[in-house]
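Source file: target.cif (mmCIF, C-alpha atoms)
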data_query
loop_
_atom_site.group_PDB
_atom_site.id
_atom_site.type_symbol
_atom_site.label_atom_id
_atom_site.label_comp_id
_atom_site.auth_asym_id
_atom_site.auth_seq_id
_atom_site.Cartn_x
_atom_site.Cartn_y
_atom_site.Cartn_z
ATOM 1 C CA MET A 1134 2.232 10.471 -20.577
ATOM 2 C CA LYS A 1135 2.783 8.537 -17.339
ATOM 3 C CA ASN A 1136 1.790 11.588 -15.274
ATOM 4 C CA LYS A 1137 -1.351 11.980 -17.387
ATOM 5 C CA ALA A 1138 -2.287 8.332 -16.781
ATOM 6 C CA THR A 1139 -1.731 8.769 -13.021
ATOM 7 C CA ALA A 1140 -3.845 11.942 -12.999
ATOM 8 C CA MET A 1141 -6.636 10.277 -14.972
ATOM 9 C CA LEU A 1142 -6.639 7.301 -12.625
ATOM 10 C CA GLY A 1143 -6.673 9.696 -9.661
ATOM 11 C CA TRP A 1144 -9.760 11.546 -10.932
ATOM 12 C CA SER A 1145 -11.525 8.270 -11.829
ATOM 13 C CA THR A 1146 -10.803 7.008 -8.314
ATOM 14 C CA LEU A 1147 -12.255 10.162 -6.769
ATOM 15 C CA ILE A 1148 -15.456 9.887 -8.836
ATOM 16 C CA MET A 1149 -15.855 6.172 -8.060
ATOM 17 C CA MET A 1150 -15.240 6.836 -4.368
ATOM 18 C CA LEU A 1151 -17.950 9.534 -4.292
ATOM 19 C CA VAL A 1152 -20.387 7.185 -6.052
ATOM 20 C CA ALA A 1153 -19.532 4.417 -3.565
ATOM 21 C CA LEU A 1154 -20.091 6.790 -0.620
ATOM 22 C CA PHE A 1155 -23.462 7.876 -2.028
ATOM 23 C CA MET A 1156 -24.498 4.238 -2.409
ATOM 24 C CA VAL A 1157 -23.332 3.288 1.093
ATOM 25 C CA PHE A 1158 -25.079 6.179 2.872
ATOM 26 C CA GLU A 1159 -28.104 6.840 0.645
ATOM 27 C CA TRP A 1160 -28.923 3.974 -1.661
ATOM 28 C CA VAL A 1161 -28.268 0.629 -0.011
ATOM 29 C CA PRO A 1162 -30.949 -0.651 2.420
ATOM 30 C CA THR A 1163 -30.120 -1.032 6.107
ATOM 31 C CA GLU A 1164 -29.464 -4.575 7.212
ATOM 32 C CA GLU A 1165 -32.229 -5.712 9.591
ATOM 33 C CA ASP A 1166 -30.214 -7.517 12.293
ATOM 34 C CA GLN A 1167 -27.154 -5.269 12.625
ATOM 35 C CA GLY A 1168 -28.595 -1.869 11.733
ATOM 36 C CA ILE A 1169 -26.538 0.938 10.203
ATOM 37 C CA VAL A 1170 -23.252 -0.302 11.638
ATOM 38 C CA GLN A 1171 -23.333 -3.057 8.979
ATOM 39 C CA ARG A 1172 -22.494 -0.314 6.448
ATOM 40 C CA ILE A 1173 -18.886 -0.459 7.677
ATOM 41 C CA PHE A 1174 -18.749 -3.732 5.723
ATOM 42 C CA TYR A 1175 -18.866 -1.896 2.324
ATOM 43 C CA PHE A 1176 -15.461 -0.289 2.970
ATOM 44 C CA HIS A 1177 -14.040 -2.919 5.351
ATOM 45 C CA VAL A 1178 -14.106 -5.682 2.706
ATOM 46 C CA PRO A 1179 -12.507 -3.507 -0.049
ATOM 47 C CA CYS A 1180 -9.752 -2.517 2.435
ATOM 48 C CA ALA A 1181 -9.071 -6.224 3.005
ATOM 49 C CA TRP A 1182 -9.121 -6.867 -0.751
ATOM 50 C CA VAL A 1183 -6.562 -4.094 -1.380
ATOM 51 C CA ALA A 1184 -4.334 -5.346 1.460
ATOM 52 C CA PHE A 1185 -4.377 -8.895 0.052
ATOM 53 C CA ALA A 1186 -3.783 -7.690 -3.521
ATOM 54 C CA ALA A 1187 -0.896 -5.496 -2.344
ATOM 55 C CA PHE A 1188 0.730 -8.355 -0.428
ATOM 56 C CA GLY A 1189 0.245 -10.532 -3.524
ATOM 57 C CA VAL A 1190 2.143 -7.896 -5.541
ATOM 58 C CA VAL A 1191 4.921 -7.940 -2.886
ATOM 59 C CA ALA A 1192 5.260 -11.727 -3.240
ATOM 60 C CA ILE A 1193 5.216 -11.710 -7.064
ATOM 61 C CA SER A 1194 7.694 -8.825 -7.314
ATOM 62 C CA GLY A 1195 9.868 -10.639 -4.724
ATOM 63 C CA VAL A 1196 9.997 -13.719 -6.958
ATOM 64 C CA PHE A 1197 10.899 -11.553 -9.961
ATOM 65 C CA TYR A 1198 13.562 -9.689 -7.965
ATOM 66 C CA LEU A 1199 15.219 -12.939 -6.851
ATOM 67 C CA TRP A 1200 15.093 -14.192 -10.421
ATOM 68 C CA LEU A 1201 16.077 -11.104 -12.444
ATOM 69 C CA LYS A 1202 17.819 -8.894 -9.795
ATOM 70 C CA GLU A 1203 16.104 -5.828 -11.274
ATOM 71 C CA GLN A 1204 15.792 -2.818 -8.946
ATOM 72 C CA LEU A 1205 12.317 -2.125 -10.377
ATOM 73 C CA PHE A 1206 10.909 -5.248 -8.693
ATOM 74 C CA ASP A 1207 12.455 -4.335 -5.345
ATOM 75 C CA ASP A 1208 10.888 -0.856 -5.570
ATOM 76 C CA LEU A 1209 7.542 -2.359 -6.613
ATOM 77 C CA GLY A 1210 7.579 -4.773 -3.665
ATOM 78 C CA TYR A 1211 8.444 -1.991 -1.214
ATOM 79 C CA ALA A 1212 5.711 0.303 -2.564
ATOM 80 C CA ALA A 1213 3.076 -2.468 -2.469
ATOM 81 C CA ALA A 1214 4.074 -3.554 1.059
ATOM 82 C CA GLU A 1215 3.660 -0.016 2.367
ATOM 83 C CA ILE A 1216 0.217 0.374 0.755
ATOM 84 C CA GLY A 1217 -0.804 -3.110 1.915
ATOM 85 C CA MET A 1218 0.171 -2.168 5.451
ATOM 86 C CA VAL A 1219 -1.963 1.012 5.327
ATOM 87 C CA PHE A 1220 -5.020 -0.995 4.241
ATOM 88 C CA CYS A 1221 -4.339 -3.920 6.592
ATOM 89 C CA THR A 1222 -4.284 -1.401 9.466
ATOM 90 C CA LEU A 1223 -7.617 -0.003 8.238
ATOM 91 C CA VAL A 1224 -9.073 -3.541 8.118
ATOM 92 C CA LEU A 1225 -8.141 -4.098 11.777
ATOM 93 C CA ILE A 1226 -9.467 -0.679 12.892
ATOM 94 C CA THR A 1227 -12.773 -0.828 10.976
ATOM 95 C CA GLY A 1228 -13.237 -4.458 12.060
ATOM 96 C CA SER A 1229 -12.887 -3.415 15.704
ATOM 97 C CA LEU A 1230 -15.338 -0.540 15.213
ATOM 98 C CA TRP A 1231 -17.874 -3.014 13.807
ATOM 99 C CA ALA A 1232 -17.137 -5.659 16.487
ATOM 100 C CA LYS A 1233 -17.757 -3.409 19.500
ATOM 101 C CA PRO A 1234 -21.504 -2.789 18.911
ATOM 102 C CA ILE A 1235 -22.136 -6.247 17.387
ATOM 103 C CA TRP A 1236 -20.013 -8.586 19.562
ATOM 104 C CA GLY A 1237 -19.686 -6.279 22.561
ATOM 105 C CA VAL A 1238 -15.873 -6.344 22.445
ATOM 106 C CA TRP A 1239 -13.266 -4.400 20.458
ATOM 107 C CA TRP A 1240 -11.140 -7.488 19.887
ATOM 108 C CA THR A 1241 -11.281 -11.241 20.299
ATOM 109 C CA TRP A 1242 -8.670 -13.868 19.407
ATOM 110 C CA ASP A 1243 -10.861 -15.333 16.687
ATOM 111 C CA SER A 1244 -9.071 -17.186 13.859
ATOM 112 C CA ARG A 1245 -9.845 -14.534 11.190
ATOM 113 C CA LEU A 1246 -8.766 -11.666 13.438
ATOM 114 C CA THR A 1247 -5.663 -13.465 14.715
ATOM 115 C CA THR A 1248 -4.417 -14.486 11.254
ATOM 116 C CA THR A 1249 -5.015 -10.924 9.986
ATOM 117 C CA PHE A 1250 -3.070 -9.542 12.951
ATOM 118 C CA ILE A 1251 -0.216 -11.996 12.170
ATOM 119 C CA LEU A 1252 -0.252 -10.734 8.561
ATOM 120 C CA TRP A 1253 -0.010 -7.154 9.861
ATOM 121 C CA LEU A 1254 2.930 -8.083 12.110
ATOM 122 C CA LEU A 1255 4.754 -9.907 9.295
ATOM 123 C CA TYR A 1256 4.595 -6.962 6.918
ATOM 124 C CA GLY A 1257 5.326 -4.605 9.809
ATOM 125 C CA GLY A 1258 8.576 -6.566 10.211
ATOM 126 C CA TYR A 1259 9.212 -6.291 6.463
ATOM 127 C CA LEU A 1260 8.802 -2.493 6.564
ATOM 128 C CA MET A 1261 10.926 -2.170 9.714
ATOM 129 C CA LEU A 1262 13.730 -4.044 7.976
ATOM 130 C CA ARG A 1263 13.424 -1.721 4.975
ATOM 131 C CA SER A 1264 13.455 1.413 7.103
ATOM 132 C CA ILE A 1265 16.377 0.583 9.421
ATOM 133 C CA ALA A 1266 18.711 -1.174 6.954
ATOM 134 C CA ASP A 1267 20.642 0.444 4.117
ATOM 135 C CA ASP A 1268 19.465 -0.033 0.545
ATOM 136 C CA THR A 1269 21.834 -2.831 -0.392
ATOM 137 C CA PRO A 1270 21.201 -5.833 -2.677
ATOM 138 C CA GLU A 1271 21.407 -8.081 0.430
ATOM 139 C CA VAL A 1272 18.590 -6.191 2.162
ATOM 140 C CA ALA A 1273 16.562 -6.294 -1.056
ATOM 141 C CA ARG A 1274 17.105 -10.074 -1.237
ATOM 142 C CA PHE A 1275 16.103 -10.643 2.411
ATOM 143 C CA SER A 1276 13.072 -8.402 1.946
ATOM 144 C CA ALA A 1277 12.000 -10.351 -1.146
ATOM 145 C CA VAL A 1278 12.167 -13.623 0.816
ATOM 146 C CA ILE A 1279 10.236 -12.152 3.792
ATOM 147 C CA GLY A 1280 7.653 -10.674 1.390
ATOM 148 C CA ILE A 1281 7.092 -14.066 -0.264
ATOM 149 C CA VAL A 1282 6.913 -16.032 3.027
ATOM 150 C CA ALA A 1283 4.588 -13.459 4.668
ATOM 151 C CA ALA A 1284 2.184 -13.616 1.708
ATOM 152 C CA LEU A 1285 1.565 -17.298 2.517
ATOM 153 C CA ASP A 1286 -0.601 -16.013 5.379
ATOM 154 C CA VAL A 1287 -3.048 -14.382 2.921
ATOM 155 C CA PRO A 1288 -4.800 -17.653 1.873
ATOM 156 C CA VAL A 1289 -4.821 -18.677 5.555
ATOM 157 C CA VAL A 1290 -6.687 -15.437 6.427
ATOM 158 C CA VAL A 1291 -9.164 -15.965 3.572
ATOM 159 C CA LEU A 1292 -9.827 -19.629 4.440
ATOM 160 C CA SER A 1293 -9.747 -19.166 8.246
ATOM 161 C CA VAL A 1294 -13.551 -18.818 8.476
ATOM 162 C CA ARG A 1295 -13.896 -22.270 6.911
ATOM 163 C CA LEU A 1296 -10.891 -24.019 8.445
ATOM 164 C CA TRP A 1297 -11.611 -23.217 12.114
ATOM 165 C CA ARG A 1298 -14.548 -22.480 14.388
ATOM 166 C CA THR A 1299 -14.974 -18.739 14.229
ATOM 167 C CA ILE A 1300 -17.499 -16.039 15.079
ATOM 168 C CA HIS A 1301 -16.421 -13.840 12.150
ATOM 169 C CA PRO A 1302 -19.251 -13.678 9.608
ATOM 170 C CA ALA A 1303 -18.760 -15.386 6.233
ATOM 171 C CA VAL A 1304 -20.782 -12.851 4.261
ATOM 172 C CA LEU A 1305 -19.871 -13.208 0.598
ATOM 173 C CA ILE A 1306 -20.419 -16.975 0.587
ATOM 174 C CA THR A 1307 -21.913 -18.353 3.802
ATOM 175 C CA ARG A 1308 -20.598 -21.465 5.526
ATOM 176 C CA ALA A 1309 -23.540 -23.342 3.992
ATOM 177 C CA GLY A 1310 -22.239 -22.247 0.565
ATOM 178 C CA GLU A 1311 -25.058 -19.777 -0.065
ATOM 179 C CA HIS A 1312 -24.984 -16.121 -1.061
ATOM 180 C CA GLY A 1313 -24.652 -14.014 2.096
ATOM 181 C CA LEU A 1314 -26.061 -10.663 0.912
ATOM 182 C CA GLU A 1315 -29.859 -10.708 0.930
ATOM 183 C CA ASP A 1316 -30.544 -7.631 -1.245
ATOM 184 C CA PRO A 1317 -29.095 -7.186 -4.778
ATOM 185 C CA ARG A 1318 -28.403 -3.506 -3.932
ATOM 186 C CA MET A 1319 -25.980 -4.693 -1.248
ATOM 187 C CA VAL A 1320 -24.084 -6.722 -3.870
ATOM 188 C CA VAL A 1321 -23.955 -3.758 -6.298
ATOM 189 C CA THR A 1322 -22.740 -1.391 -3.537
ATOM 190 C CA LEU A 1323 -20.018 -3.814 -2.533
ATOM 191 C CA LEU A 1324 -18.920 -4.237 -6.181
ATOM 192 C CA VAL A 1325 -18.758 -0.446 -6.720
ATOM 193 C CA SER A 1326 -16.729 -0.032 -3.509
ATOM 194 C CA LEU A 1327 -14.399 -2.841 -4.595
ATOM 195 C CA ALA A 1328 -13.892 -1.125 -7.980
ATOM 196 C CA ALA A 1329 -13.232 2.245 -6.274
ATOM 197 C CA PHE A 1330 -10.676 0.736 -3.892
ATOM 198 C CA THR A 1331 -8.982 -1.215 -6.694
ATOM 199 C CA ALA A 1332 -8.570 2.052 -8.629
ATOM 200 C CA LEU A 1333 -7.309 3.747 -5.455
ATOM 201 C CA PHE A 1334 -4.749 0.971 -4.993
ATOM 202 C CA GLY A 1335 -3.584 1.323 -8.608
ATOM 203 C CA TRP A 1336 -3.246 5.095 -8.249
ATOM 204 C CA MET A 1337 -1.368 4.918 -4.927
ATOM 205 C CA LEU A 1338 0.919 2.200 -6.286
ATOM 206 C CA MET A 1339 1.763 4.308 -9.363
ATOM 207 C CA LEU A 1340 2.538 7.341 -7.174
ATOM 208 C CA ARG A 1341 4.643 5.475 -4.633
ATOM 209 C CA LEU A 1342 6.476 3.418 -7.266
ATOM 210 C CA SER A 1343 7.417 6.497 -9.274
ATOM 211 C CA GLN A 1344 8.697 8.058 -6.033
ATOM 212 C CA LEU A 1345 10.820 5.019 -5.179
ATOM 213 C CA ARG A 1346 12.170 4.997 -8.759
ATOM 214 C CA THR A 1347 13.176 8.662 -8.273
ATOM 215 C CA ARG A 1348 14.858 7.688 -4.988
ATOM 216 C CA SER A 1349 16.778 4.883 -6.738
ATOM 217 C CA ARG A 1350 17.887 7.371 -9.433
ATOM 218 C CA LEU A 1351 18.979 9.797 -6.723
ATOM 219 C CA MET A 1352 21.123 7.091 -5.120
ATOM 220 C CA ILE A 1353 22.828 6.371 -8.461
ATOM 221 C CA ILE A 1354 23.579 10.096 -8.940
ATOM 222 C CA ARG A 1355 24.901 10.316 -5.353
ATOM 223 C CA ARG A 1356 27.208 7.363 -6.035
ATOM 224 C CA ASP A 1357 28.454 8.996 -9.277
ATOM 225 C CA VAL A 1358 29.097 12.275 -7.444
ATOM 226 C CA ALA A 1359 31.021 10.421 -4.707
ATOM 227 C CA LEU A 1360 33.112 8.578 -7.349
ATOM 228 C CA ILE A 1361 33.990 11.783 -9.216
ATOM 229 C CA GLU A 1362 34.819 13.581 -5.953
ATOM 230 C CA ALA A 1363 37.069 10.684 -4.888
ATOM 231 C CA ALA A 1364 38.780 10.712 -8.295
ATOM 232 C CA ALA A 1365 39.235 14.514 -8.055
ATOM 233 C CA GLY A 1366 40.901 13.999 -4.666
ATOM 234 C CA ASP A 1367 43.452 11.697 -6.328
ATOM 235 C CA TYR A 1368 44.581 14.425 -8.766
ATOM 236 C CA MET B 451 -29.664 5.696 14.126
ATOM 237 C CA GLU B 452 -28.219 3.473 16.859
ATOM 238 C CA HIS B 453 -24.417 3.082 16.721
ATOM 239 C CA PHE B 454 -24.033 5.912 14.205
ATOM 240 C CA ASP B 455 -20.891 7.029 16.073
ATOM 241 C CA TYR B 456 -19.144 3.736 15.192
ATOM 242 C CA LEU B 457 -20.076 4.109 11.523
ATOM 243 C CA PHE B 458 -18.934 7.730 11.506
ATOM 244 C CA ALA B 459 -15.646 6.836 13.241
ATOM 245 C CA ALA B 460 -14.932 3.988 10.786
ATOM 246 C CA TYR B 461 -15.406 6.118 7.652
ATOM 247 C CA SER B 462 -13.600 9.125 9.150
ATOM 248 C CA ILE B 463 -10.574 6.994 10.055
ATOM 249 C CA ILE B 464 -10.487 5.398 6.588
ATOM 250 C CA PHE B 465 -10.397 8.792 4.858
ATOM 251 C CA LEU B 466 -8.036 10.390 7.370
ATOM 252 C CA VAL B 467 -5.517 7.552 7.005
ATOM 253 C CA ILE B 468 -5.740 7.546 3.186
ATOM 254 C CA PHE B 469 -5.421 11.351 2.961
ATOM 255 C CA GLY B 470 -2.575 11.288 5.480
ATOM 256 C CA TYR B 471 -0.687 8.726 3.423
ATOM 257 C CA VAL B 472 -1.275 10.594 0.146
ATOM 258 C CA ILE B 473 -0.046 13.852 1.725
ATOM 259 C CA PHE B 474 3.024 11.999 3.043
ATOM 260 C CA MET B 475 3.709 10.753 -0.526
ATOM 261 C CA TRP B 476 3.307 14.230 -2.049
ATOM 262 C CA ARG B 477 5.649 15.803 0.504
ATOM 263 C CA GLN B 478 8.216 13.051 -0.062
ATOM 264 C CA GLN B 479 7.949 13.561 -3.827
ATOM 265 C CA ALA B 480 8.517 17.317 -3.506
ATOM 266 C CA ARG B 481 11.553 16.758 -1.258
ATOM 267 C CA LEU B 482 13.005 14.142 -3.623
ATOM 268 C CA GLU B 483 12.576 16.393 -6.655
ATOM 269 C CA VAL B 484 14.450 19.245 -4.959
ATOM 270 C CA GLU B 485 17.203 16.880 -3.877
ATOM 271 C CA ILE B 486 17.563 15.182 -7.272
ATOM 272 C CA HIS B 487 17.689 18.552 -9.031
ATOM 273 C CA ALA B 488 20.481 19.728 -6.690
ATOM 274 C CA MET B 489 22.457 16.503 -7.150
ATOM 275 C CA GLU B 490 22.114 16.634 -10.948
ATOM 276 C CA GLU B 491 23.440 20.206 -10.927
ATOM 277 C CA ARG B 492 26.328 19.154 -8.711
ATOM 278 C CA LEU B 493 27.133 16.190 -10.969
ATOM 279 C CA LYS B 494 27.079 18.451 -14.036
ATOM 280 C CA ASN B 495 29.459 20.939 -12.366
ATOM 281 C CA LEU B 496 31.792 18.161 -11.247
ATOM 282 C CA LYS B 497 31.890 16.678 -14.749
ATOM 283 C CA THR B 498 32.700 20.110 -16.220
ATOM 284 C CA THR B 499 35.472 20.676 -13.664
ATOM 285 C CA GLN B 500 36.860 17.194 -14.262
ATOM 286 C CA SER B 501 36.924 17.526 -18.059
ATOM 287 C CA SER B 502 38.675 20.914 -17.859
ATOM 288 C CA ALA B 503 41.216 19.426 -15.398
ATOM 289 C CA ASP B 504 41.774 16.503 -17.795
ATOM 290 C CA ALA B 505 42.299 18.902 -20.707
ATOM 291 C CA LYS B 506 44.741 20.979 -18.635
ATOM 292 C CA SER B 507 46.843 17.960 -17.614
ATOM 293 C CA ALA B 508 46.847 16.675 -21.220
ATOM 294 C CA ALA B 509 48.115 20.091 -22.425
ATOM 295 C CA GLN B 510 50.874 20.087 -19.794
ATOM 296 C CA LYS B 511 52.051 16.650 -21.001
#
Show how you would write the structure in this file as structure tokens.
Amino acid sequence: MKNKATAMLGWSTLIMMLVALFMVFEWVPTEEDQGIVQRIFYFHVPCAWVAFAAFGVVAISGVFYLWLKEQLFDDLGYAAAEIGMVFCTLVLITGSLWAKPIWGVWWTWDSRLTTTFILWLLYGGYLMLRSIADDTPEVARFSAVIGIVAALDVPVVVLSVRLWRTIHPAVLITRAGEHGLEDPRMVVTLLVSLAAFTALFGWMLMLRLSQLRTRSRLMIIRRDVALIEAAAGDY
Amino acid sequence: MEHFDYLFAAYSIIFLVIFGYVIFMWRQQARLEVEIHAMEERLKNLKTTQSSADAKSAAQK
């Protein structure tokens, strides 16, 4: 039943992704000022959305882990952090590929870029801790705290274009509070891409979570085997 | 079609990274399934051995 749901979500994601690609490359009009490179925006923004949603899941599951001490929430946080990191990396790469032809530089220490890079470093630290330390309740507790604290950077990233002077475009809602996308087809394309990436996030989270649940089960079996072997040694 | 190379690079990297991560997950899943199957077999064998040892020592008493 669970496998069927994952498969269905996987196929829906694939179809939505193909529709989004068709819209980005065939349907949506080219932006006048930036030219075709503006089309990076239709996948750059959904990547950012997935990264923020994933880090939100890390923070929420961290709170639940600290409260209930359930392994499920630790696994959920770990899975979401890993996926968030993949998409946060894609945000930084696609942002740089857009910045080079538009700004003339690959990178600048602008507030939006810097706060996003800090977010990437924070969750990089979270994943490093998870990969080098043993799977103990202490590590799970520390990770939950880091996951919650690191997620505080997400609203800072979102609001950075309004809080500080920045050259990063505020496209969805301009600094003057107006709608940033001139053509309704641009809005529709962005919404379809957002839906496709949300489905992709759900699918990847289901896959990775089920894998981490299997790993947790494996550790329990290993512990049981070790206990029985130790007891057999006492005979 | 000015700057098409940047657009092409951006979309290629997105799909390469996503496919790479999905393949990593599938390979991990396959490895875990083999490992869990082996451990379950081992646990079953150990439990069988232990229960027969328990029965033997109970009979001796």
Residues of chain B near chain A: apply a cut-off of 9 Å, count all atoms listed in the file, and supply the list as a PDB file with C-alpha atoms, in the frame of the given file.
ATOM      1  CA  MET B 451     -29.664   5.696  14.126  1.00  0.00           C
ATOM      2  CA  GLU B 452     -28.219   3.473  16.859  1.00  0.00           C
ATOM      3  CA  HIS B 453     -24.417   3.082  16.721  1.00  0.00           C
ATOM      4  CA  PHE B 454     -24.033   5.912  14.205  1.00  0.00           C
ATOM      5  CA  ASP B 455     -20.891   7.029  16.073  1.00  0.00           C
ATOM      6  CA  TYR B 456     -19.144   3.736  15.192  1.00  0.00           C
ATOM      7  CA  LEU B 457     -20.076   4.109  11.523  1.00  0.00           C
ATOM      8  CA  ALA B 459     -15.646   6.836  13.241  1.00  0.00           C
ATOM      9  CA  ALA B 460     -14.932   3.988  10.786  1.00  0.00           C
ATOM     10  CA  TYR B 461     -15.406   6.118   7.652  1.00  0.00           C
ATOM     11  CA  ILE B 463     -10.574   6.994  10.055  1.00  0.00           C
ATOM     12  CA  ILE B 464     -10.487   5.398   6.588  1.00  0.00           C
ATOM     13  CA  VAL B 467      -5.517   7.552   7.005  1.00  0.00           C
ATOM     14  CA  ILE B 468      -5.740   7.546   3.186  1.00  0.00           C
ATOM     15  CA  TYR B 471      -0.687   8.726   3.423  1.00  0.00           C
ATOM     16  CA  VAL B 472      -1.275  10.594   0.146  1.00  0.00           C
ATOM     17  CA  MET B 475       3.709  10.753  -0.526  1.00  0.00           C
ATOM     18  CA  TRP B 476       3.307  14.230  -2.049  1.00  0.00           C
ATOM     19  CA  GLN B 478       8.216  13.051  -0.062  1.00  0.00           C
ATOM     20  CA  GLN B 479       7.949  13.561  -3.827  1.00  0.00           C
ATOM     21  CA  LEU B 482      13.005  14.142  -3.623  1.00  0.00           C
ATOM     22  CA  GLU B 483      12.576  16.393  -6.655  1.00  0.00           C
ATOM     23  CA  GLU B 485      17.203  16.880  -3.877  1.00  0.00           C
ATOM     24  CA  ILE B 486      17.563  15.182  -7.272  1.00  0.00           C
ATOM     25  CA  MET B 489      22.457  16.503  -7.150  1.00  0.00           C
ATOM     26  CA  GLU B 490      22.114  16.634 -10.948  1.00  0.00           C
ATOM     27  CA  ARG B 492      26.328  19.154  -8.711  1.00  0.00           C
ATOM     28  CA  LEU B 493      27.133  16.190 -10.969  1.00  0.00           C
ATOM     29  CA  LEU B 496      31.792  18.161 -11.247  1.00  0.00           C
ATOM     30  CA  LYS B 497      31.890  16.678 -14.749  1.00  0.00           C
ATOM     31  CA  GLN B 500      36.860  17.194 -14.262  1.00  0.00           C
ATOM     32  CA  ALA B 503      41.216  19.426 -15.398  1.00  0.00           C
TER      33      ALA B 503
END
I want to know what sits within 8 Å of A:Ile1281, based on all atoms listed in the file, with residues of the same chain fewer than 6 positions away left out; could you give that as an MDAnalysis selection string? chainID A and resid 1191:1193 1195:1196
Could you give me the centre and size, in Å to one decimal, of an axis-aligned box around all listed atoms of stretch 1240-1257 of chain A with 5 Å added on every side, as AutoDock Vina command-line options?
--center_x -3.0 --center_y -10.9 --center_z 13.6 --size_x 26.6 --size_y 22.6 --size_z 23.4
Within 12 Å of (-7.7, 8.1, -13.0) (coordinates as in the file), grab all the protein and nucleic acid residues, counting all atoms listed in the file, and write them out as a PyMOL selection string. chain A and resi 1135-1150+1329+1331-1337+1339-1340
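Here atom CA of A:Leu1246 stands at a distance of 17.9 Å from atom CA of A:Tyr1175.
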Expressed in Å to a single decimal, how great is the separation between atom CA of A:Ala1277 and atom CA of A:Leu1255? 12.7 Å
Name the residues captured by the PyMOL selection byres ((chain A and resi 1250) around 12) when it is applied to the shown file; answer as a short mmCIF file (atom, residue, chain, number, x, y, z; two decimals) with C-alpha atoms, in the coordinates of the input.
data_model
loop_
_atom_site.label_atom_id
_atom_site.label_comp_id
_atom_site.auth_asym_id
_atom_site.auth_seq_id
_atom_site.Cartn_x
_atom_site.Cartn_y
_atom_site.Cartn_z
CA MET A 1218 0.17 -2.17 5.45
CA CYS A 1221 -4.34 -3.92 6.59
CA THR A 1222 -4.28 -1.40 9.47
CA LEU A 1223 -7.62 0.00 8.24
CA VAL A 1224 -9.07 -3.54 8.12
CA LEU A 1225 -8.14 -4.10 11.78
CA ILE A 1226 -9.47 -0.68 12.89
CA GLY A 1228 -13.24 -4.46 12.06
CA SER A 1229 -12.89 -3.42 15.70
CA TRP A 1240 -11.14 -7.49 19.89
CA THR A 1241 -11.28 -11.24 20.30
CA TRP A 1242 -8.67 -13.87 19.41
CA ASP A 1243 -10.86 -15.33 16.69
CA SER A 1244 -9.07 -17.19 13.86
CA ARG A 1245 -9.85 -14.53 11.19
CA LEU A 1246 -8.77 -11.67 13.44
CA THR A 1247 -5.66 -13.46 14.72
CA THR A 1248 -4.42 -14.49 11.25
CA THR A 1249 -5.01 -10.92 9.99
CA ILE A 1251 -0.22 -12.00 12.17
CA LEU A 1252 -0.25 -10.73 8.56
CA TRP A 1253 -0.01 -7.15 9.86
CA LEU A 1254 2.93 -8.08 12.11
CA LEU A 1255 4.75 -9.91 9.30
CA TYR A 1256 4.60 -6.96 6.92
CA GLY A 1257 5.33 -4.61 9.81
CA ALA A 1283 4.59 -13.46 4.67
CA ASP A 1286 -0.60 -16.01 5.38
CA VAL A 1287 -3.05 -14.38 2.92
CA VAL A 1289 -4.82 -18.68 5.56
CA VAL A 1290 -6.69 -15.44 6.43
#
Atom CA of A:Pro1179 to atom CA of A:Phe1330 measures 6.0 Å
Under the rule that only C-alpha atoms are counted, which of A:Ala1266, A:Gly1280, A:Ile1300, A:Leu1338 is the nearest residue to A:Tyr1198? A:Gly1280
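This file, queried with the PyMOL selection byres ((chain A and resi 1316) around 12), gives the residues Trp1160, Val1161, Pro1162, Thr1163, Glu1164, Glu1165, His1312, Gly1313, Leu1314, Glu1315, Pro1317, Arg1318, Met1319, Val1320, Val1321, Thr1322 and Leu1323 of chain A.
Picked by the PyMOL selection byres ((chain A and resi 1205) around 10) from the coordinates shown: Ser1194, Phe1197, Tyr1198, Leu1201, Lys1202, Glu1203, Gln1204, Phe1206, Asp1207, Asp1208, Leu1209, Gly1210, Tyr1211, Leu1342, Ser1343, Leu1345, Arg1346 and Ser1349 of chain A.
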Across A:Leu1285, A:Val1272, A:Val1294, A:Leu1324, the smallest distance to A:Gly1189, with only C-alpha atoms counted, is shown by A:Leu1285
